[in-house]
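*Asks:* First, the structure itself, so that you have it in front of you.
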Amino acid sequence: MIIELGHFSLVLALAVAVVLSVIPLYGSRRRDTALMDLAPAGSVLLFLLVAASFAVLTYAHVVSDFSVLNVWQNSHSLVPLIYRLSGVWGNHEGSMLLWLLILVFFSALVAIFGRNLPDTLKVNVLVVQAWITTAFALFILLTSNPFARLSPAPGEGKDLNPVLQDLGLAIHPPLLYLGYVGFSVCFSFAVAALLEGRIDAAWARWVRPWTLAAWTCLTAGIAMGSYWAYYELGWGGWWFWDPVENASFMPWLAGTALLHSALVMEKREALKIWTLLLAILTFSLSLLGTFLVRSGVLTSVHAFATDPSRGVFILAILMIFIGGSLSLFAFRAPSLNAGGLFAPISREGALVLNNLILTVCTATVLIGTLYPLLLETLTGEKISVGAPFFNLTFGLLMIPLLVAVPFGPLLAWKRGDLLGALQRLYVAAGLSLVVALALYYRENGGPVLAILGMAMGLFLVFGAFVDLGGRAGAGKVSASVAWRRLKGLPRSAFGTALAHMGLGITVLGVVAVTTFQSEHVVEMKPGMTTEAGGYVLTFDGMREAKGPNFTEERGHFTVSRGGAAVADVWSSKRVYVAQRMPTTEAGILTFGLSQLYVSLGDHMDDGGIVVRVWWKPYILCIWGGALFMMAGGIVSLSDRRLRVGAPSRRSRPATPAMEPAE
């Protein structure tokens, strides 16, 4: 009975979404307050209904109700509780229900915290959200019903995919979906503005917090997925340019461009039409990512769906929302005011350069991802576009952006002084080069271009300090006055600096680990040694162990340096009981920002075992930089000037007023 209640809640949610798709929109055209008030109340009700449905599915997984097809296919009585919970979204049907839950969650947030939005804009935003909700609720109910029953009920489940039985994968999908779906709010604001035929700086001020929240969550999701692939799959890499990885990276790039474009629009009322287009394209790329993962067109460790009929349904959703919104944009955009003018050398100009490079990078990743699929569809020929293509094209495109980022915050609005900014940054540039040379020397050399790559990353870090110091008046006023000014800076200024530092730290980690890492593949028997990164690993032998739902062989290694033991590490190969599926659990030791990575391979006929050992210098900078970027987003969101800033309803003027955020 409980399972049927979950199914009924989902059906009822679809009915509510259909009502919200029509009646409030009609009310906004008629200026009927009673009909318009249905939108916020209905959006909260919609969230409660979908949340109830999701809670029922979660209950079914927790109690191992194998009469539910979804539970039988993706759970087992021996699976630990944490993975029963993650198993709710560790499959196609459950993950789509999570997608829908997050979508209606954002709709409810707009309804609750958007009280100061103009009434018609708020209603139109919630109506567009309801359109998206209707489409995906239909998709779930018609093609991906998570509440389908089995009769008779099996006595045991088939188990959750072993590679998904990991804490990282329990966290990764919700964070990723918060980013994916969060951009739906930006999309809805854009479509609502086009429906009204009105867009101004206040619109950008309302959109920026939602964009920033979605961008922060997507950053967290991508970083968590990268780290999971690094330690769980035993491949020793942190990014593979897998098509599904690209599917999440493209909206991140477009969302980064949208963040900066919305800033120009808010401060200078420029780039209005471009910002609208970016808001549409960013969520369109999120929908495209959903299609790639859920349609069955890709085979990947990340992809769940294999039924082409689902792909056709999602493709129809893509055509309706992407095609419809772009058609509306083409119809309405010529009638919109494009915004103010500015000199090429200005903060606006720097942000336009940022947008130009990021959009070209997005297009490059999009082409590299879709071209093999299109070619196979049209000709039947199979090709692969791998890391060499992406590293060369994407890497070269990013170089001018990395160099330009520290200059942007130092340039004035409308007309800037490039020479003045250069004079403020020359110390940071020199210090970056010196530190990069020191790191190069410490790692005993390598490709000379690595020095420039590390220097660019460090330039971003030191440039962020220069920006904060300049805002505080360091060097122009006394230290006490500069400190007071620094403490008085808006939080968004610190958020920007943290995000730019994070990008620089990540770049430093990428360049360092790509340039200086070493790999050794050896056959080892007990007592044999190998060397990596100045450390000596001694293989002590294999031991058998047993987990709650798996058995494993564990290899023990003693790590020494200078003849003295400094640590030990275990690496294992597991076999899960239900599916008899093997996995590799890498052994990882952390030394500062670097890691020693040990992965077991196949047993040999002579009693030895293949061992792969990597030394990965400064690899933690990659994910440490992501943490800085996330912190920057959170700090910026905490700035009161970045919150939706219209006055209360009782005193709302025609144009909402708010002190602009930095």
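Each chain of the structure tokens is named A, B, ... in the order shown, its residues numbered from 1; ligands are numbered from 1 in display order.
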Quick one: which segment 374-465 of chain A residues come within 9 Å of segment 483-506 of chain A, and what is the nearest atom pair for each with the distance in Å to one decimal, counting only C-alpha atoms, rows ordered by chain and ascending number, as a tab-separated table?
*Replies:*
```
residue	atom	partner	partner_atom	distance
A:Leu402	CA	A:Gly504	CA	8.2
A:Val405	CA	A:His500	CA	7.7
A:Pro406	CA	A:His500	CA	8.0
A:Pro409	CA	A:Thr496	CA	9.0
A:Met454	CA	A:Gly504	CA	8.7
A:Met456	CA	A:Gly504	CA	7.3
A:Gly457	CA	A:Gly504	CA	4.0
A:Leu458	CA	A:Gly504	CA	5.9
A:Phe459	CA	A:Gly504	CA	7.2
A:Leu460	CA	A:Gly504	CA	4.9
A:Val461	CA	A:Met501	CA	4.3
A:Phe462	CA	A:Met501	CA	7.7
A:Gly463	CA	A:Met501	CA	8.2
A:Ala464	CA	A:Ala497	CA	4.9
A:Phe465	CA	A:Ala497	CA	7.3
```
*Asks:* Between segment 216-260 of chain A and segment 264-279 of chain A, at 7 Å or less, what are the per-residue closest atom pairs and their distances in Å? Count only C-alpha atoms, order by chain and rising residue number, and return it as a tab-separated table.
*Replies:*
```
residue	atom	partner	partner_atom	distance
A:Ala254	CA	A:Leu278	CA	6.9
A:Leu258	CA	A:Leu278	CA	5.7
A:His260	CA	A:Val264	CA	6.6
```
*Asks:* Just list as a ChimeraX atom specification whatever in segment 163-344 of chain A DSSP marks as alpha helix (DSSP H).
*Replies:* /A:167-196,201-232,243-268,272-294,308-318,324-332
*Asks:* Please produce an output containing C-alpha atoms for each residue in the selection, written as a compact mmCIF listing (two decimals), in the first residue's frame.
*Replies:*
```txt
# COMPACT_ATOMS: atom_id res chain seq x y z
CA LEU A 167 30.55 7.18 -0.32
CA GLY A 168 31.75 9.43 -3.15
CA LEU A 169 29.04 8.11 -5.44
CA ALA A 170 26.49 8.58 -2.69
CA ILE A 171 27.29 12.31 -2.69
CA HIS A 172 28.21 12.96 -6.33
CA PRO A 173 24.80 12.64 -8.10
CA PRO A 174 22.78 14.90 -5.74
CA LEU A 175 25.43 17.62 -5.99
CA LEU A 176 25.61 17.27 -9.76
CA TYR A 177 21.83 17.44 -10.10
CA LEU A 178 21.64 20.50 -7.85
CA GLY A 179 23.90 22.15 -10.41
CA TYR A 180 22.19 20.76 -13.51
CA VAL A 181 18.68 21.54 -12.34
CA GLY A 182 19.60 24.76 -10.58
CA PHE A 183 20.23 26.33 -13.97
CA SER A 184 16.56 25.69 -14.77
CA VAL A 185 15.74 28.75 -12.64
CA CYS A 186 18.02 30.91 -14.81
CA PHE A 187 16.34 29.42 -17.89
CA SER A 188 12.90 30.16 -16.46
CA PHE A 189 13.89 33.75 -15.67
CA ALA A 190 15.11 34.16 -19.24
CA VAL A 191 11.94 32.74 -20.81
CA ALA A 192 9.78 34.78 -18.41
CA ALA A 193 11.64 37.96 -19.42
CA LEU A 194 11.14 37.12 -23.08
CA LEU A 195 7.43 36.50 -22.50
CA GLU A 196 7.13 39.91 -20.87
CA ALA A 201 19.56 45.36 -14.37
CA ALA A 202 17.11 44.19 -11.70
CA TRP A 203 16.53 41.00 -13.70
CA ALA A 204 20.27 40.28 -13.64
CA ARG A 205 20.33 40.99 -9.90
CA TRP A 206 17.66 38.37 -9.34
CA VAL A 207 19.28 35.81 -11.62
CA ARG A 208 22.82 36.03 -10.23
CA PRO A 209 22.19 34.29 -6.87
CA TRP A 210 20.47 31.34 -8.57
CA THR A 211 23.25 31.10 -11.12
CA LEU A 212 25.88 31.25 -8.39
CA ALA A 213 24.13 28.57 -6.30
CA ALA A 214 23.81 26.22 -9.27
CA TRP A 215 27.41 26.87 -10.35
CA THR A 216 28.71 26.15 -6.83
CA CYS A 217 26.81 22.86 -6.60
CA LEU A 218 27.89 21.81 -10.09
CA THR A 219 31.52 22.59 -9.18
CA ALA A 220 31.16 20.38 -6.11
CA GLY A 221 29.53 17.60 -8.12
CA ILE A 222 32.18 17.58 -10.83
CA ALA A 223 35.02 17.65 -8.29
CA MET A 224 33.48 14.81 -6.27
CA GLY A 225 32.97 12.74 -9.41
CA SER A 226 36.55 13.37 -10.50
CA TYR A 227 37.96 12.29 -7.15
CA TRP A 228 35.72 9.20 -7.08
CA ALA A 229 36.92 8.10 -10.51
CA TYR A 230 40.50 8.70 -9.38
CA TYR A 231 40.46 6.53 -6.28
CA GLU A 232 37.72 4.01 -7.06
CA PRO A 243 31.52 11.94 -22.89
CA VAL A 244 29.52 11.86 -19.67
CA GLU A 245 32.18 13.89 -17.88
CA ASN A 246 31.97 16.37 -20.75
CA ALA A 247 28.19 16.44 -20.34
CA SER A 248 28.60 18.00 -16.89
CA PHE A 249 31.59 20.14 -17.84
CA MET A 250 29.81 21.98 -20.68
CA PRO A 251 27.07 23.56 -18.51
CA TRP A 252 29.77 24.44 -15.98
CA LEU A 253 31.69 26.39 -18.63
CA ALA A 254 28.53 28.07 -19.90
CA GLY A 255 27.39 28.77 -16.33
CA THR A 256 30.73 30.44 -15.57
CA ALA A 257 30.23 32.67 -18.59
CA LEU A 258 26.67 33.43 -17.45
CA LEU A 259 27.89 34.47 -13.99
CA HIS A 260 30.27 37.03 -15.46
CA SER A 261 27.83 38.22 -18.12
CA ALA A 262 25.10 38.80 -15.52
CA LEU A 263 27.58 40.90 -13.53
CA VAL A 264 28.13 43.20 -16.53
CA MET A 265 24.39 43.46 -17.06
CA GLU A 266 23.75 44.29 -13.41
CA LYS A 267 26.48 46.90 -13.08
CA ARG A 268 26.35 48.55 -16.51
CA LYS A 272 21.41 42.12 -21.99
CA ILE A 273 20.57 40.00 -25.01
CA TRP A 274 23.75 37.93 -24.67
CA THR A 275 23.00 37.21 -21.01
CA LEU A 276 19.51 36.01 -21.90
CA LEU A 277 20.94 33.71 -24.55
CA LEU A 278 23.53 32.32 -22.12
CA ALA A 279 20.82 31.57 -19.55
CA ILE A 280 18.96 29.56 -22.19
CA LEU A 281 22.05 27.78 -23.49
CA THR A 282 23.35 26.83 -20.03
CA PHE A 283 20.21 24.92 -19.09
CA SER A 284 19.99 23.56 -22.63
CA LEU A 285 23.41 22.00 -22.09
CA SER A 286 22.14 20.56 -18.80
CA LEU A 287 19.25 18.97 -20.70
CA LEU A 288 21.71 17.70 -23.29
CA GLY A 289 23.76 16.14 -20.50
CA THR A 290 20.62 14.45 -19.20
CA PHE A 291 19.95 13.10 -22.69
CA LEU A 292 23.48 11.74 -23.08
CA VAL A 293 23.41 9.95 -19.72
CA ARG A 294 19.81 8.72 -19.77
CA PRO A 308 16.44 3.79 -26.73
CA SER A 309 12.73 4.58 -26.24
CA ARG A 310 13.67 6.67 -23.23
CA GLY A 311 16.20 8.52 -25.35
CA VAL A 312 13.50 9.38 -27.91
CA PHE A 313 11.31 10.82 -25.14
CA ILE A 314 14.15 12.93 -23.72
CA LEU A 315 15.10 14.01 -27.24
CA ALA A 316 11.53 15.25 -27.69
CA ILE A 317 11.85 17.22 -24.43
CA LEU A 318 15.09 18.72 -25.72
CA GLY A 324 10.99 26.61 -28.25
CA SER A 325 13.13 28.88 -26.09
CA LEU A 326 15.53 29.70 -28.91
CA SER A 327 12.60 30.43 -31.22
CA LEU A 328 11.11 32.74 -28.60
CA PHE A 329 14.51 34.38 -28.22
CA ALA A 330 14.81 34.92 -31.99
CA PHE A 331 11.32 36.45 -32.05
CA ARG A 332 11.71 38.71 -29.02
```
*Asks:* Which residues are close to segment 42-45 of chain A, i.e. within 10 Å by only C-alpha atoms, leaving aside same-chain residues fewer than 6 positions away? Reply as a list in words.
*Replies:*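 Close residues of segment 42-45 of chain A: Ala13, Val16, Ala17, Val19, Leu20, Pro24, Ala51, Val104, Phe105, Phe106, Ser107, Ala108, Leu109, Val110, Ala111, Ile112, Leu126, Val127, Gln129 and Ala130 of chain A.
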*Asks:* Just to confirm, what's the straight-line distance from atom CA of Gly534 of chain A to atom CA of Gly446 of chain A in Å (one decimal)?
*Replies:*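 Computed distance, atom CA of Gly534 of chain A to atom CA of Gly446 of chain A, equals 16.2 Å.
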*Asks:* Choose the residue, out of A:Gln517, A:Thr584, A:Ser335, A:Ser560, that has the smallest atom-to-atom separation from Thr538 of chain A; count only C-alpha atoms.
*Replies:*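 The closest residue to Thr538 of chain A is A:Ser560.
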